[in-house]
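Here is final-v3.pdb, consisting of PDB, C-alpha atoms and all ligand atoms:
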ATOM      1  CA  MET N   1      73.764 -19.336 126.986
ATOM      2  CA  ALA N   2      75.203 -22.860 126.708
ATOM      3  CA  ARG N   3      77.418 -23.863 129.629
ATOM      4  CA  GLN N   4      81.029 -24.577 128.699
ATOM      5  CA  ARG N   5      83.457 -26.820 130.528
ATOM      6  CA  LYS N   6      86.032 -25.065 132.687
ATOM      7  CA  PRO N   7      89.558 -25.317 131.293
ATOM      8  CA  GLN N   8      91.580 -28.101 132.941
ATOM      9  CA  THR N   9      95.211 -28.068 134.124
ATOM     10  CA  ARG N  10      97.737 -30.769 135.080
ATOM     11  CA  PHE N  11      99.347 -29.274 138.188
ATOM     12  CA  SER N  12      99.291 -30.495 141.790
ATOM     13  CA  ARG N  13      96.631 -28.955 144.007
ATOM     14  CA  HIS N  14      99.060 -26.802 145.992
ATOM     15  CA  GLU N  15     100.512 -25.239 142.817
ATOM     16  CA  TYR N  16      97.963 -22.465 143.013
ATOM     17  CA  LYS N  17      99.826 -19.884 140.946
ATOM     18  CA  ALA N  18     100.568 -22.210 138.010
ATOM     19  CA  THR N  19      97.038 -23.643 138.133
ATOM     20  CA  TRP N  20      95.260 -20.284 138.127
ATOM     21  CA  MET N  21      97.557 -18.764 135.537
ATOM     22  CA  ALA N  22      96.663 -21.663 133.240
ATOM     23  CA  LEU N  23      92.954 -21.266 134.038
ATOM     24  CA  ALA N  24      93.011 -17.588 133.025
ATOM     25  CA  GLN N  25      94.940 -17.452 129.749
ATOM     26  CA  THR N  26      92.145 -15.557 128.004
ATOM     27  CA  SER N  27      89.426 -13.310 129.381
ATOM     28  CA  GLU N  28      86.850 -15.976 128.482
ATOM     29  CA  GLN N  29      88.785 -18.665 130.374
ATOM     30  CA  ALA N  30      89.145 -16.374 133.362
ATOM     31  CA  MET N  31      85.410 -15.623 133.373
ATOM     32  CA  MET N  32      84.569 -19.335 133.031
ATOM     33  CA  SER N  33      86.948 -20.257 135.834
ATOM     34  CA  VAL N  34      85.479 -17.655 138.169
ATOM     35  CA  THR N  35      81.764 -17.878 137.397
ATOM     36  CA  GLY N  36      81.303 -21.121 135.426
ATOM     37  CA  SER N  37      79.635 -19.141 132.632
ATOM     38  CA  LEU N  38      80.299 -16.393 130.074
ATOM     39  CA  ASP N  39      77.070 -14.602 130.915
ATOM     40  CA  GLU N  40      77.954 -11.056 132.089
ATOM     41  CA  ASP N  41      74.433 -10.385 133.386
ATOM     42  CA  GLN N  42      74.672 -13.491 135.540
ATOM     43  CA  ALA N  43      78.113 -12.446 136.829
ATOM     44  CA  GLN N  44      76.729  -9.060 137.847
ATOM     45  CA  ALA N  45      73.623 -10.578 139.445
ATOM     46  CA  THR N  46      75.676 -13.031 141.520
ATOM     47  CA  ALA N  47      78.059 -10.227 142.522
ATOM     48  CA  ALA N  48      75.109  -8.156 143.751
ATOM     49  CA  HIS N  49      73.953 -11.180 145.731
ATOM     50  CA  THR N  50      77.415 -11.526 147.340
ATOM     51  CA  ARG N  51      77.346  -7.822 148.206
ATOM     52  CA  ARG N  52      73.982  -8.269 149.936
ATOM     53  CA  VAL N  53      75.278 -11.313 151.855
ATOM     54  CA  LEU N  54      78.289  -9.283 153.040
ATOM     55  CA  ALA N  55      76.117  -6.287 153.946
ATOM     56  CA  ALA N  56      73.800  -8.496 156.013
ATOM     57  CA  SER N  57      76.617 -10.327 157.824
ATOM     58  CA  VAL N  58      79.722  -8.158 158.296
ATOM     59  CA  GLY N  59      78.364  -4.863 156.920
ATOM     60  CA  ILE N  60      79.842  -2.560 154.260
ATOM     61  CA  LYS N  61      80.646   1.006 155.360
ATOM     62  CA  PRO N  62      81.633   3.975 153.170
ATOM     63  CA  ASP N  63      84.881   4.518 155.125
ATOM     64  CA  ASP N  64      85.921   0.859 155.046
ATOM     65  CA  VAL N  65      89.179  -0.384 153.570
ATOM     66  CA  ILE N  66      88.056  -3.749 152.177
ATOM     67  CA  LEU N  67      90.329  -6.609 151.071
ATOM     68  CA  GLU N  68      89.281  -9.659 149.041
ATOM     69  CA  ILE N  69      91.412 -12.822 149.148
ATOM     70  CA  GLY N  70      91.234 -14.462 145.709
ATOM     71  CA  CYS N  71      89.488 -11.606 143.912
ATOM     72  CA  GLY N  72      89.585 -13.182 140.439
ATOM     73  CA  ILE N  73      88.356 -10.836 137.704
ATOM     74  CA  GLY N  74      86.937  -8.375 140.228
ATOM     75  CA  ARG N  75      83.390  -9.702 139.997
ATOM     76  CA  VAL N  76      82.563  -8.626 143.562
ATOM     77  CA  GLY N  77      85.034  -5.734 143.557
ATOM     78  CA  ARG N  78      82.956  -3.904 140.976
ATOM     79  CA  GLU N  79      80.015  -4.015 143.392
ATOM     80  CA  LEU N  80      82.006  -2.938 146.439
ATOM     81  CA  ALA N  81      84.440  -0.318 145.105
ATOM     82  CA  PRO N  82      81.723   2.351 144.751
ATOM     83  CA  ARG N  83      80.577   1.631 148.321
ATOM     84  CA  CYS N  84      83.848   1.844 150.295
ATOM     85  CA  GLN N  85      86.874   4.037 150.815
ATOM     86  CA  ARG N  86      89.329   1.586 149.235
ATOM     87  CA  TRP N  87      88.993  -1.898 147.791
ATOM     88  CA  ILE N  88      92.083  -4.151 147.624
ATOM     89  CA  GLY N  89      91.889  -7.243 145.443
ATOM     90  CA  CYS N  90      94.514  -9.919 146.189
ATOM     91  CA  ASP N  91      94.988 -12.924 143.943
ATOM     92  CA  VAL N  92      97.600 -15.579 143.266
ATOM     93  CA  SER N  93      97.168 -15.234 139.490
ATOM     94  CA  PRO N  94      98.588 -12.189 137.675
ATOM     95  CA  ASN N  95      96.414 -13.184 134.706
ATOM     96  CA  MET N  96      93.286 -12.861 136.847
ATOM     97  CA  LEU N  97      94.527  -9.534 138.184
ATOM     98  CA  ALA N  98      95.069  -8.228 134.631
ATOM     99  CA  TYR N  99      91.421  -8.944 133.818
ATOM    100  CA  ALA N 100      90.354  -7.419 137.131
ATOM    101  CA  GLN N 101      92.317  -4.293 136.169
ATOM    102  CA  GLN N 102      90.281  -3.995 132.960
ATOM    103  CA  ARG N 103      86.996  -4.619 134.744
ATOM    104  CA  LEU N 104      87.710  -2.077 137.494
ATOM    105  CA  ALA N 105      89.440   0.580 135.374
ATOM    106  CA  ALA N 106      86.709   3.122 136.112
ATOM    107  CA  PHE N 107      87.500   3.200 139.856
ATOM    108  CA  ASP N 108      90.372   5.194 141.375
ATOM    109  CA  ASN N 109      90.053   3.570 144.818
ATOM    110  CA  VAL N 110      91.033   0.067 143.680
ATOM    111  CA  GLU N 111      94.363  -1.639 144.355
ATOM    112  CA  LEU N 112      95.274  -5.032 142.889
ATOM    113  CA  VAL N 113      97.948  -7.103 144.621
ATOM    114  CA  GLU N 114      99.601 -10.362 143.573
ATOM    115  CA  VAL N 115     100.085 -12.778 146.490
ATOM    116  CA  SER N 116     102.074 -16.005 146.830
ATOM    117  CA  GLY N 117      99.032 -18.229 147.289
ATOM    118  CA  PHE N 118      99.742 -18.822 150.977
ATOM    119  CA  ASP N 119      99.784 -15.411 152.688
ATOM    120  CA  LEU N 120      99.021 -11.672 152.428
ATOM    121  CA  ARG N 121     102.648 -10.591 152.880
ATOM    122  CA  PRO N 122     102.396  -7.349 150.806
ATOM    123  CA  ILE N 123      99.630  -6.035 153.111
ATOM    124  CA  PRO N 124     100.718  -4.201 156.295
ATOM    125  CA  ASP N 125      99.512  -5.236 159.760
ATOM    126  CA  ALA N 126      96.293  -3.626 161.060
ATOM    127  CA  SER N 127      95.540  -1.717 157.855
ATOM    128  CA  VAL N 128      92.170  -3.147 156.744
ATOM    129  CA  ASP N 129      88.582  -2.949 158.101
ATOM    130  CA  LEU N 130      87.011  -5.918 156.312
ATOM    131  CA  VAL N 131      88.579  -9.045 154.803
ATOM    132  CA  TYR N 132      86.387 -11.425 152.825
ATOM    133  CA  CYS N 133      87.117 -14.578 150.849
ATOM    134  CA  THR N 134      84.333 -16.020 148.707
ATOM    135  CA  VAL N 135      84.336 -18.991 146.310
ATOM    136  CA  VAL N 136      88.025 -19.650 147.053
ATOM    137  CA  PHE N 137      88.291 -22.015 150.067
ATOM    138  CA  MET N 138      86.960 -24.917 147.966
ATOM    139  CA  HIS N 139      90.091 -24.689 145.813
ATOM    140  CA  LEU N 140      92.546 -24.625 148.752
ATOM    141  CA  ASP N 141      93.974 -27.271 151.043
ATOM    142  CA  GLU N 142      92.669 -26.950 154.592
ATOM    143  CA  TRP N 143      95.978 -25.680 156.021
ATOM    144  CA  ASP N 144      96.054 -22.918 153.440
ATOM    145  CA  ARG N 145      92.470 -21.924 154.291
ATOM    146  CA  TYR N 146      93.507 -21.527 157.922
ATOM    147  CA  ASN N 147      96.688 -19.650 156.975
ATOM    148  CA  TYR N 148      94.513 -17.072 155.215
ATOM    149  CA  VAL N 149      92.288 -16.755 158.297
ATOM    150  CA  LEU N 150      95.429 -16.073 160.357
ATOM    151  CA  GLU N 151      96.685 -13.596 157.776
ATOM    152  CA  ALA N 152      93.311 -11.864 157.734
ATOM    153  CA  ARG N 153      93.589 -11.389 161.489
ATOM    154  CA  ARG N 154      97.044  -9.889 161.064
ATOM    155  CA  VAL N 155      95.993  -7.319 158.436
ATOM    156  CA  LEU N 156      92.725  -6.372 160.166
ATOM    157  CA  ARG N 157      92.514  -3.419 162.523
ATOM    158  CA  PRO N 158      91.140  -4.124 166.015
ATOM    159  CA  GLY N 159      87.366  -4.426 165.560
ATOM    160  CA  GLY N 160      87.828  -5.382 161.906
ATOM    161  CA  ARG N 161      85.559  -7.992 160.346
ATOM    162  CA  ILE N 162      86.212 -11.239 158.465
ATOM    163  CA  PHE N 163      83.920 -13.257 156.176
ATOM    164  CA  VAL N 164      84.754 -16.636 154.590
ATOM    165  CA  ASP N 165      82.607 -19.179 152.773
ATOM    166  CA  ASN N 166      82.616 -22.553 151.062
ATOM    167  CA  PHE N 167      80.086 -25.073 149.833
ATOM    168  CA  ASN N 168      78.705 -27.029 152.727
ATOM    169  CA  LEU N 169      79.285 -30.781 152.964
ATOM    170  CA  CYS N 170      76.384 -30.989 155.424
ATOM    171  CA  SER N 171      73.786 -29.520 153.041
ATOM    172  CA  ASP N 172      71.896 -31.593 150.466
ATOM    173  CA  GLU N 173      73.168 -29.336 147.663
ATOM    174  CA  GLY N 174      76.764 -29.539 148.906
ATOM    175  CA  TRP N 175      76.496 -33.300 149.182
ATOM    176  CA  GLN N 176      75.412 -33.454 145.512
ATOM    177  CA  VAL N 177      78.602 -31.591 144.535
ATOM    178  CA  PHE N 178      80.627 -33.999 146.705
ATOM    179  CA  GLU N 179      79.045 -36.971 144.924
ATOM    180  CA  LEU N 180      79.653 -35.391 141.516
ATOM    181  CA  HIS N 181      83.324 -34.850 142.292
ATOM    182  CA  ARG N 182      83.608 -38.396 143.684
ATOM    183  CA  GLN N 183      83.094 -39.618 140.090
ATOM    184  CA  PHE N 184      86.589 -38.434 139.104
ATOM    185  CA  MET N 185      89.236 -41.152 139.116
ATOM    186  CA  PRO N 186      91.875 -40.041 141.659
ATOM    187  CA  ALA N 187      94.562 -39.418 139.028
ATOM    188  CA  GLU N 188      92.118 -37.387 136.938
ATOM    189  CA  ARG N 189      90.984 -34.955 139.617
ATOM    190  CA  PRO N 190      91.792 -31.424 138.453
ATOM    191  CA  PRO N 191      93.974 -29.548 140.971
ATOM    192  CA  GLN N 192      91.303 -26.912 141.512
ATOM    193  CA  ILE N 193      88.496 -29.425 142.116
ATOM    194  CA  GLY N 194      86.102 -28.065 144.722
ATOM    195  CA  LYS N 195      86.389 -29.554 148.216
ATOM    196  CA  SER N 196      83.744 -28.638 150.769
ATOM    197  CA  SER N 197      83.851 -27.286 154.308
ATOM    198  CA  THR N 198      81.630 -28.037 157.278
ATOM    199  CA  PRO N 199      80.210 -25.387 159.607
ATOM    200  CA  GLN N 200      82.461 -26.794 162.345
ATOM    201  CA  GLU N 201      85.574 -26.382 160.192
ATOM    202  CA  LEU N 202      84.974 -22.681 159.536
ATOM    203  CA  GLU N 203      83.994 -22.043 163.154
ATOM    204  CA  THR N 204      87.161 -23.807 164.347
ATOM    205  CA  TYR N 205      89.425 -21.711 162.106
ATOM    206  CA  LEU N 206      87.835 -18.446 163.245
ATOM    207  CA  ARG N 207      87.979 -19.331 166.946
ATOM    208  CA  ARG N 208      91.490 -20.831 166.820
ATOM    209  CA  ALA N 209      92.753 -17.695 165.029
ATOM    210  CA  GLY N 210      91.448 -15.626 167.950
ATOM    211  CA  PHE N 211      88.390 -13.964 166.386
ATOM    212  CA  HIS N 212      85.412 -12.990 168.544
ATOM    213  CA  GLU N 213      81.651 -13.023 168.005
ATOM    214  CA  VAL N 214      82.051 -15.954 165.621
ATOM    215  CA  LYS N 215      78.900 -16.668 163.642
ATOM    216  CA  ILE N 216      78.130 -19.459 161.199
ATOM    217  CA  ALA N 217      75.296 -19.295 158.654
ATOM    218  CA  GLU N 218      74.092 -22.083 156.379
ATOM    219  CA  GLN N 219      72.262 -21.035 153.220
ATOM    220  CA  GLY N 220      71.441 -23.635 150.572
ATOM    221  CA  ALA N 221      74.709 -25.120 149.301
ATOM    222  CA  TRP N 222      76.754 -22.595 151.248
ATOM    223  CA  VAL N 223      78.260 -22.228 154.684
ATOM    224  CA  GLN N 224      79.528 -18.811 155.770
ATOM    225  CA  GLY N 225      81.653 -17.900 158.758
ATOM    226  CA  TYR N 226      82.148 -14.372 160.006
ATOM    227  CA  ALA N 227      83.603 -12.732 163.056
ATOM    228  CA  ILE N 228      85.302  -9.710 164.620
ATOM    229  CA  LYS N 229      88.959  -9.147 165.500
TER     230      LYS N 229
HETATM  231  C1  LIG V 301      86.465 -19.323 141.640
HETATM  232  S1  LIG V 301      87.508 -17.899 141.595
HETATM  233  C2  LIG V 301      86.604 -16.764 142.642
HETATM  234  C3  LIG V 301      86.989 -15.321 142.406
HETATM  235  C4  LIG V 301      86.250 -14.299 143.260
HETATM  236  N1  LIG V 301      86.436 -14.541 144.659
HETATM  237  C5  LIG V 301      84.782 -14.300 142.931
HETATM  238  O1  LIG V 301      84.008 -14.758 143.760
HETATM  239  O2  LIG V 301      84.412 -13.818 141.857
HETATM  240  C6  LIG V 301      88.883 -18.375 142.630
HETATM  241  C7  LIG V 301      89.969 -17.321 142.650
HETATM  242  O3  LIG V 301      90.874 -17.633 143.685
HETATM  243  C8  LIG V 301      92.187 -17.420 143.216
HETATM  244  N2  LIG V 301      93.071 -18.283 144.007
HETATM  245  C9  LIG V 301      93.206 -19.621 143.911
HETATM  246  N3  LIG V 301      94.076 -20.061 144.816
HETATM  247  C10 LIG V 301      94.506 -18.969 145.503
HETATM  248  C11 LIG V 301      95.423 -18.784 146.565
HETATM  249  N4  LIG V 301      96.070 -19.815 147.116
HETATM  250  N5  LIG V 301      95.621 -17.533 147.016
HETATM  251  C12 LIG V 301      94.973 -16.481 146.469
HETATM  252  N6  LIG V 301      94.110 -16.591 145.445
HETATM  253  C13 LIG V 301      93.865 -17.834 144.981
HETATM  254  C14 LIG V 301      92.131 -17.785 141.738
HETATM  255  O4  LIG V 301      93.198 -17.221 140.998
HETATM  256  C15 LIG V 301      90.775 -17.235 141.355
HETATM  257  O5  LIG V 301      90.870 -15.905 140.951
END

Output the file's structure in the form of structure tokens.
Amino acid sequence: MARQRKPQTRFSRHEYKATWMALAQTSEQAMMSVTGSLDEDQAQATAAHTRRVLAASVGIKPDDVILEIGCGIGRVGRELAPRCQRWIGCDVSPNMLAYAQQRLAAFDNVELVEVSGFDLRPIPDASVDLVYCTVVFMHLDEWDRYNYVLEARRVLRPGGRIFVDNFNLCSDEGWQVFELHRQFMPAERPPQIGKSSTPQELETYLRRAGFHEVKIAEQGAWVQGYAIK
């Protein structure tokens, strides 16, 4: 299937809600904005890969309450909902959540929650076993990444697990993305343009937020950080 360009918006980077509403005005736009393609088979294959990465790092247990920060159309949620007690998808964009609702309609253990873009305020303290955030940090300012790590710690039960990722500035593949994005003239950078992390950045957030057993993994273009509350 031919690759299509992602839809562009004209908001400032921190205007997450307006940006991601505009990027998800149709189901096709939402799919493109989340996966970069309209290929459903590819979306399902990458979701299965994410599930395996989570299983190998933080684990997925049948009695887990799992929360995703920036769940999009529920790409990963469809993989996890059948494998946990409850799956909560949080997203800044009600449009994205509407498409997630359609995608996850078959599951009765799914909850979809609109968030402000800066916190997990609707979620009670110590109510979740696993928080993960995948393919989202690249779209956020660094302070907002850390705010979500702090919020994850708040909503996790003692012993709960966190997983975050981003593309890795220190990898050859991540550096290629950096160089590609460097071609944009400053005024023409889309607000959601991907900005990398380093292993040290993710490790710092997890440690500073008070997580234990912090681990960092580098896989191809990606860096992953995970830890225990
Ligand atoms: C590239 S998509 C990834 C979606 C999903 N995590 C996945 O891997 O399929 C980024 C998602 O993050 C959401 N998002 C962007 N900024 C956000 C913020 N500040 N807070 C919560 N969600 C945000 C967008 O609406 C979008 O659904």

Between N:Asp165, N:Asp108, N:Glu179, N:Asp125, single out the one closest to ligand LIG 301 (chain V), counting all atoms listed in the file.
->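 Selected residue with least distance to ligand LIG 301 (chain V): N:Asp165.
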
4 Å per side around stretch 99-110 of chain N: axis-aligned box centre and edge lengths, as AutoDock Vina command-line options:
--center_x 89.5 --center_y -1.9 --center_z 138.9 --size_x 13.6 --size_y 22.1 --size_z 19.9

Selected residue of minimal separation from N:Glu151 among N:Ile60, N:Ala45, N:Val131, N:Ala105, counting only C-alpha atoms | N:Val131

Please identify the residues whose atoms come within 9 Å of ligand LIG 301 (chain V), using only C-alpha atoms and all ligand atoms, and report them as a VMD selection string.
-> chain N and resid 14 to 17 19 to 21 23 to 24 30 to 36 43 46 to 47 50 68 to 77 90 to 97 114 to 120 132 to 141 144 to 145 148 192

The PyMOL selection byres (((chain N and resi 159) around 9) and not hetatm) on the file shown: which residues, as a list in words?
->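 Residues picked by the PyMOL selection byres (((chain N and resi 159) around 9) and not hetatm): Asp129, Leu156, Arg157, Pro158, Gly160, Arg161, Ile228 and Lys229 of chain N.
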
Would you mind putting back N, CA and C atoms on stretch 88-101 of chain N, then writing it out as a PDB file, in the frame of the given file?
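Saved result, result.pdb, follows:
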ATOM      1  N   ILE N  88      90.822  -3.507 147.994  1.00  0.00           N
ATOM      2  CA  ILE N  88      92.083  -4.151 147.624  1.00  0.00           C
ATOM      3  C   ILE N  88      91.771  -5.581 147.188  1.00  0.00           C
ATOM      4  N   GLY N  89      92.096  -5.887 145.949  1.00  0.00           N
ATOM      5  CA  GLY N  89      91.889  -7.243 145.443  1.00  0.00           C
ATOM      6  C   GLY N  89      93.209  -7.985 145.410  1.00  0.00           C
ATOM      7  N   CYS N  90      93.299  -9.087 146.175  1.00  0.00           N
ATOM      8  CA  CYS N  90      94.514  -9.919 146.189  1.00  0.00           C
ATOM      9  C   CYS N  90      94.235 -11.215 145.442  1.00  0.00           C
ATOM     10  N   ASP N  91      95.170 -11.644 144.642  1.00  0.00           N
ATOM     11  CA  ASP N  91      94.988 -12.924 143.943  1.00  0.00           C
ATOM     12  C   ASP N  91      96.354 -13.529 143.646  1.00  0.00           C
ATOM     13  N   VAL N  92      96.366 -14.860 143.576  1.00  0.00           N
ATOM     14  CA  VAL N  92      97.600 -15.579 143.266  1.00  0.00           C
ATOM     15  C   VAL N  92      97.957 -15.474 141.785  1.00  0.00           C
ATOM     16  N   SER N  93      96.983 -15.164 140.948  1.00  0.00           N
ATOM     17  CA  SER N  93      97.168 -15.234 139.490  1.00  0.00           C
ATOM     18  C   SER N  93      97.285 -13.841 138.868  1.00  0.00           C
ATOM     19  N   PRO N  94      98.474 -13.472 138.379  1.00  0.00           N
ATOM     20  CA  PRO N  94      98.588 -12.189 137.675  1.00  0.00           C
ATOM     21  C   PRO N  94      97.645 -12.098 136.474  1.00  0.00           C
ATOM     22  N   ASN N  95      97.365 -13.232 135.826  1.00  0.00           N
ATOM     23  CA  ASN N  95      96.414 -13.184 134.706  1.00  0.00           C
ATOM     24  C   ASN N  95      95.048 -12.707 135.180  1.00  0.00           C
ATOM     25  N   MET N  96      94.589 -13.286 136.293  1.00  0.00           N
ATOM     26  CA  MET N  96      93.286 -12.861 136.847  1.00  0.00           C
ATOM     27  C   MET N  96      93.327 -11.367 137.171  1.00  0.00           C
ATOM     28  N   LEU N  97      94.427 -10.943 137.779  1.00  0.00           N
ATOM     29  CA  LEU N  97      94.527  -9.534 138.184  1.00  0.00           C
ATOM     30  C   LEU N  97      94.507  -8.607 136.961  1.00  0.00           C
ATOM     31  N   ALA N  98      95.082  -9.059 135.851  1.00  0.00           N
ATOM     32  CA  ALA N  98      95.069  -8.228 134.631  1.00  0.00           C
ATOM     33  C   ALA N  98      93.629  -8.037 134.144  1.00  0.00           C
ATOM     34  N   TYR N  99      92.817  -9.097 134.241  1.00  0.00           N
ATOM     35  CA  TYR N  99      91.421  -8.944 133.818  1.00  0.00           C
ATOM     36  C   TYR N  99      90.627  -8.113 134.835  1.00  0.00           C
ATOM     37  N   ALA N 100      90.994  -8.263 136.116  1.00  0.00           N
ATOM     38  CA  ALA N 100      90.354  -7.419 137.131  1.00  0.00           C
ATOM     39  C   ALA N 100      90.663  -5.945 136.869  1.00  0.00           C
ATOM     40  N   GLN N 101      91.909  -5.674 136.465  1.00  0.00           N
ATOM     41  CA  GLN N 101      92.317  -4.293 136.169  1.00  0.00           C
ATOM     42  C   GLN N 101      91.413  -3.696 135.085  1.00  0.00           C
TER      43      GLN N 101
END
